[in-house]
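Structure data follow from final_21.cif (mmCIF, C-alpha atoms):
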data_model
#
loop_
_atom_site.group_PDB
_atom_site.id
_atom_site.type_symbol
_atom_site.label_atom_id
_atom_site.label_comp_id
_atom_site.auth_asym_id
_atom_site.auth_seq_id
_atom_site.Cartn_x
_atom_site.Cartn_y
_atom_site.Cartn_z
ATOM 1 C CA MET A 258 54.336 43.547 6.659
ATOM 2 C CA SER A 259 50.888 42.555 7.865
ATOM 3 C CA PHE A 260 48.197 45.063 8.777
ATOM 4 C CA SER A 261 45.566 44.405 11.394
ATOM 5 C CA LYS A 262 41.941 44.649 10.321
ATOM 6 C CA SER A 263 41.509 48.098 11.892
ATOM 7 C CA GLU A 264 44.695 49.409 10.267
ATOM 8 C CA ASN A 265 43.613 47.993 6.935
ATOM 9 C CA LYS A 266 40.182 49.668 7.178
ATOM 10 C CA SER A 267 41.634 53.018 8.180
ATOM 11 C CA ILE A 268 43.707 53.100 5.008
ATOM 12 C CA HIS A 269 40.532 53.135 2.930
ATOM 13 C CA LEU A 270 38.646 55.825 4.842
ATOM 14 C CA ASN A 271 37.642 58.851 2.852
ATOM 15 C CA SER A 272 39.014 62.036 4.322
ATOM 16 C CA THR A 273 37.065 65.264 4.128
ATOM 17 C CA ALA A 274 38.879 67.829 2.089
ATOM 18 C CA ALA A 275 39.353 71.194 3.775
ATOM 19 C CA ASN A 276 37.926 72.973 0.771
ATOM 20 C CA THR A 277 34.524 71.271 1.254
ATOM 21 C CA LEU A 278 33.865 73.400 4.332
ATOM 22 C CA SER A 279 32.322 76.757 3.733
ATOM 23 C CA ARG A 280 34.034 79.880 4.940
ATOM 24 C CA GLU A 281 31.222 80.403 7.458
ATOM 25 C CA GLU A 282 31.685 76.895 8.878
ATOM 26 C CA VAL A 283 35.411 77.413 9.296
ATOM 27 C CA GLN A 284 34.849 80.817 10.888
ATOM 28 C CA LYS A 285 32.234 79.389 13.269
ATOM 29 C CA PHE A 286 34.636 76.591 14.259
ATOM 30 C CA ASP A 287 37.401 79.143 14.904
ATOM 31 C CA ILE A 288 35.091 81.310 17.005
ATOM 32 C CA GLU A 289 33.876 78.315 19.016
ATOM 33 C CA ASN A 290 37.476 77.309 19.765
ATOM 34 C CA LYS A 291 38.345 80.873 20.759
ATOM 35 C CA LEU A 292 35.307 81.035 23.062
ATOM 36 C CA ALA A 293 36.425 77.825 24.756
ATOM 37 C CA GLU A 294 39.905 79.298 25.269
ATOM 38 C CA LEU A 295 38.427 82.492 26.705
ATOM 39 C CA ALA A 296 36.172 80.515 29.034
ATOM 40 C CA ILE A 297 39.065 78.732 30.751
ATOM 41 C CA PRO A 298 40.046 81.687 32.991
ATOM 42 C CA LEU A 299 36.381 82.059 33.968
ATOM 43 C CA ALA A 300 36.184 78.388 34.866
ATOM 44 C CA GLN A 301 39.450 78.641 36.800
ATOM 45 C CA ALA A 302 38.113 81.637 38.724
ATOM 46 C CA TRP A 303 34.978 79.655 39.575
ATOM 47 C CA LYS A 304 37.124 76.753 40.787
ATOM 48 C CA ASP A 305 39.315 79.092 42.852
ATOM 49 C CA ASN A 306 36.165 80.497 44.498
ATOM 50 C CA HIS A 307 34.884 76.971 45.189
ATOM 51 C CA PRO A 308 37.891 75.075 46.614
ATOM 52 C CA GLU A 309 35.601 72.307 47.879
ATOM 53 C CA ALA A 310 34.541 71.422 44.307
ATOM 54 C CA GLN A 311 35.251 67.801 43.444
ATOM 55 C CA PRO A 312 36.537 66.762 40.004
ATOM 56 C CA GLY A 313 34.067 63.874 39.629
ATOM 57 C CA SER A 314 31.009 65.729 40.903
ATOM 58 C CA GLU A 315 28.294 66.298 38.293
ATOM 59 C CA ALA A 316 26.716 68.933 40.572
ATOM 60 C CA ASP A 317 29.978 70.905 40.723
ATOM 61 C CA LEU A 318 30.450 70.568 36.971
ATOM 62 C CA ASP A 319 26.900 71.802 36.359
ATOM 63 C CA ALA A 320 27.391 74.739 38.738
ATOM 64 C CA CYS A 321 30.638 75.701 37.003
ATOM 65 C CA ILE A 322 29.055 75.449 33.540
ATOM 66 C CA LEU A 323 26.116 77.590 34.605
ATOM 67 C CA ALA A 324 28.306 80.295 36.141
ATOM 68 C CA VAL A 325 30.699 80.420 33.181
ATOM 69 C CA ALA A 326 27.873 80.346 30.605
ATOM 70 C CA ILE A 327 26.199 83.298 32.337
ATOM 71 C CA GLU A 328 29.412 85.330 32.222
ATOM 72 C CA ILE A 329 29.915 84.477 28.557
ATOM 73 C CA ALA A 330 26.291 85.409 27.789
ATOM 74 C CA ILE A 331 26.783 88.797 29.423
ATOM 75 C CA ALA A 332 29.891 89.368 27.327
ATOM 76 C CA GLY A 333 28.112 88.154 24.179
ATOM 77 C CA GLU A 334 25.267 90.579 24.713
ATOM 78 C CA ALA A 335 27.740 93.425 25.113
ATOM 79 C CA VAL A 336 29.683 92.440 21.988
ATOM 80 C CA GLY A 337 26.704 91.687 19.744
ATOM 81 C CA GLY A 338 27.216 90.894 16.061
ATOM 82 C CA PRO A 339 28.099 87.386 14.870
ATOM 83 C CA VAL A 340 29.910 86.498 18.082
ATOM 84 C CA GLY A 341 26.921 87.561 20.166
ATOM 85 C CA SER A 342 24.653 85.473 17.917
ATOM 86 C CA LEU A 343 26.904 82.436 18.254
ATOM 87 C CA ILE A 344 26.911 82.775 22.034
ATOM 88 C CA ALA A 345 23.138 83.241 22.147
ATOM 89 C CA SER A 346 22.629 80.132 20.006
ATOM 90 C CA GLY A 347 24.435 77.907 22.516
ATOM 91 C CA GLY A 348 28.098 78.603 21.831
ATOM 92 C CA GLY A 349 28.561 79.995 25.319
ATOM 93 C CA VAL A 350 27.251 76.832 26.962
ATOM 94 C CA SER A 351 29.483 74.677 24.759
ATOM 95 C CA ALA A 352 32.521 76.806 25.616
ATOM 96 C CA ALA A 353 31.641 76.712 29.324
ATOM 97 C CA THR A 354 31.283 72.935 29.204
ATOM 98 C CA VAL A 355 34.708 72.487 27.598
ATOM 99 C CA ALA A 356 36.365 74.917 30.002
ATOM 100 C CA CYS A 357 34.809 73.473 33.160
ATOM 101 C CA ARG A 358 35.672 69.923 32.141
ATOM 102 C CA ARG A 359 39.291 70.985 31.633
ATOM 103 C CA VAL A 360 39.484 72.796 34.975
ATOM 104 C CA LEU A 361 37.651 70.209 37.008
#

Starting from the coordinates I provided, produce the structure as structure tokens.
Amino acid sequence: MSFSKSENKSIHLNSTAANTLSREEVQKFDIENKLAELAIPLAQAWKDNHPEAQPGSEADLDACILAVAIEIAIAGEAVGGPVGSLIASGGGVSAATVACRRVL
């Protein structure tokens, strides 16, 4: 059986072992994913309130991200702690971006 060059190279790639990530990094990743999941209903609500929004429009995407990020920031301030810190450090904008891209 013959491998293509890309298949042959991929065989020799070094994979990162799960145990090389710190507990904090794993926890941050989990929280970021959860924030993105929680942002989807907010993005959907924004889309429902803006039926004229176009999927390819950067202006609509930016407006959605801004609205969702504001709502997440409000929630993050109320929650506080590590989640509030993550949101304040940009996690809310990242989650809003993922959610709005999925919805639009």

Just want the 10 Å neighbourhood of range 278-288 of chain A, counted on only C-alpha atoms, with same-chain residues fewer than 6 positions away dropped. Output as a PDB file with C-alpha atoms, in the frame of the given file.
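Full text of out25.pdb as output:
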ATOM      1  CA  GLU A 294      39.905  79.298  25.269  1.00  0.00           C
ATOM      2  CA  PRO A 339      28.099  87.386  14.870  1.00  0.00           C
ATOM      3  CA  VAL A 340      29.910  86.498  18.082  1.00  0.00           C
ATOM      4  CA  LEU A 343      26.904  82.436  18.254  1.00  0.00           C
ATOM      5  CA  ILE A 344      26.911  82.775  22.034  1.00  0.00           C
ATOM      6  CA  GLY A 348      28.098  78.603  21.831  1.00  0.00           C
TER       7      GLY A 348
END

Practice task
Give me, please, the distance in Å between CA of Pro308 in chain A and CA of Cys357 in chain A, quoted to one decimal.
Solution key: 13.9 Å

Exercise for the section: Rounded to one decimal place, report the CA of Ala326 in chain A-CA of Ala353 in chain A distance in Å. Expected result: 5.4 Å

With 3 Å of padding per side, what axis-aligned box (centre and edge lengths, Å, one decimal) covers all the listed atoms of range 312-328 of chain A? Give it as JSON.
{"center_x": 31.3, "center_y": 74.6, "center_z": 35.8, "size_x": 16.4, "size_y": 27.5, "size_z": 16.3}

Handout entry: Length of the CA of Asn306 in chain A to CA of Gly333 in chain A vector [Å]
Key = 23.2 Å

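Nearest residue to Val325 in chain A, choosing from A:His307, A:Leu299, A:Ala293, A:Leu361 and counting only C-alpha atoms: A:Leu299.
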
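Here the PyMOL selection byres ((chain A and resi 317) around 12) captures the residues Ala300, Trp303, Lys304, His307, Pro308, Glu309, Ala310, Gln311, Pro312, Gly313, Ser314, Glu315, Ala316, Leu318, Asp319, Ala320, Cys321, Ile322, Leu323, Ala324, Thr354, Cys357, Arg358, Val360 and Leu361 of chain A.
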
Just the selected residues (C-alpha atoms), exported as a compact mmCIF listing (two decimals), in the coordinates of the input, please.
# COMPACT_ATOMS: atom_id res chain seq x y z
CA ALA A 300 36.18 78.39 34.87
CA TRP A 303 34.98 79.66 39.58
CA LYS A 304 37.12 76.75 40.79
CA HIS A 307 34.88 76.97 45.19
CA PRO A 308 37.89 75.08 46.61
CA GLU A 309 35.60 72.31 47.88
CA ALA A 310 34.54 71.42 44.31
CA GLN A 311 35.25 67.80 43.44
CA PRO A 312 36.54 66.76 40.00
CA GLY A 313 34.07 63.87 39.63
CA SER A 314 31.01 65.73 40.90
CA GLU A 315 28.29 66.30 38.29
CA ALA A 316 26.72 68.93 40.57
CA LEU A 318 30.45 70.57 36.97
CA ASP A 319 26.90 71.80 36.36
CA ALA A 320 27.39 74.74 38.74
CA CYS A 321 30.64 75.70 37.00
CA ILE A 322 29.06 75.45 33.54
CA LEU A 323 26.12 77.59 34.60
CA ALA A 324 28.31 80.30 36.14
CA THR A 354 31.28 72.94 29.20
CA CYS A 357 34.81 73.47 33.16
CA ARG A 358 35.67 69.92 32.14
CA VAL A 360 39.48 72.80 34.98
CA LEU A 361 37.65 70.21 37.01

Practice task
Pull out every residue that the PyMOL selection byres ((chain A and resi 330) around 8) matches in the shown coordinates and put them as a PyMOL selection string.
Solution key: chain A and resi 326-329+331-334+341+344-345+349

Grab the residues selected above and save them as a PDB file, keeping the file's coordinate frame with C-alpha atoms.
ATOM      1  CA  ALA A 326      27.873  80.346  30.605  1.00  0.00           C
ATOM      2  CA  ILE A 327      26.199  83.298  32.337  1.00  0.00           C
ATOM      3  CA  GLU A 328      29.412  85.330  32.222  1.00  0.00           C
ATOM      4  CA  ILE A 329      29.915  84.477  28.557  1.00  0.00           C
ATOM      5  CA  ILE A 331      26.783  88.797  29.423  1.00  0.00           C
ATOM      6  CA  ALA A 332      29.891  89.368  27.327  1.00  0.00           C
ATOM      7  CA  GLY A 333      28.112  88.154  24.179  1.00  0.00           C
ATOM      8  CA  GLU A 334      25.267  90.579  24.713  1.00  0.00           C
ATOM      9  CA  GLY A 341      26.921  87.561  20.166  1.00  0.00           C
ATOM     10  CA  ILE A 344      26.911  82.775  22.034  1.00  0.00           C
ATOM     11  CA  ALA A 345      23.138  83.241  22.147  1.00  0.00           C
ATOM     12  CA  GLY A 349      28.561  79.995  25.319  1.00  0.00           C
TER      13      GLY A 349
END
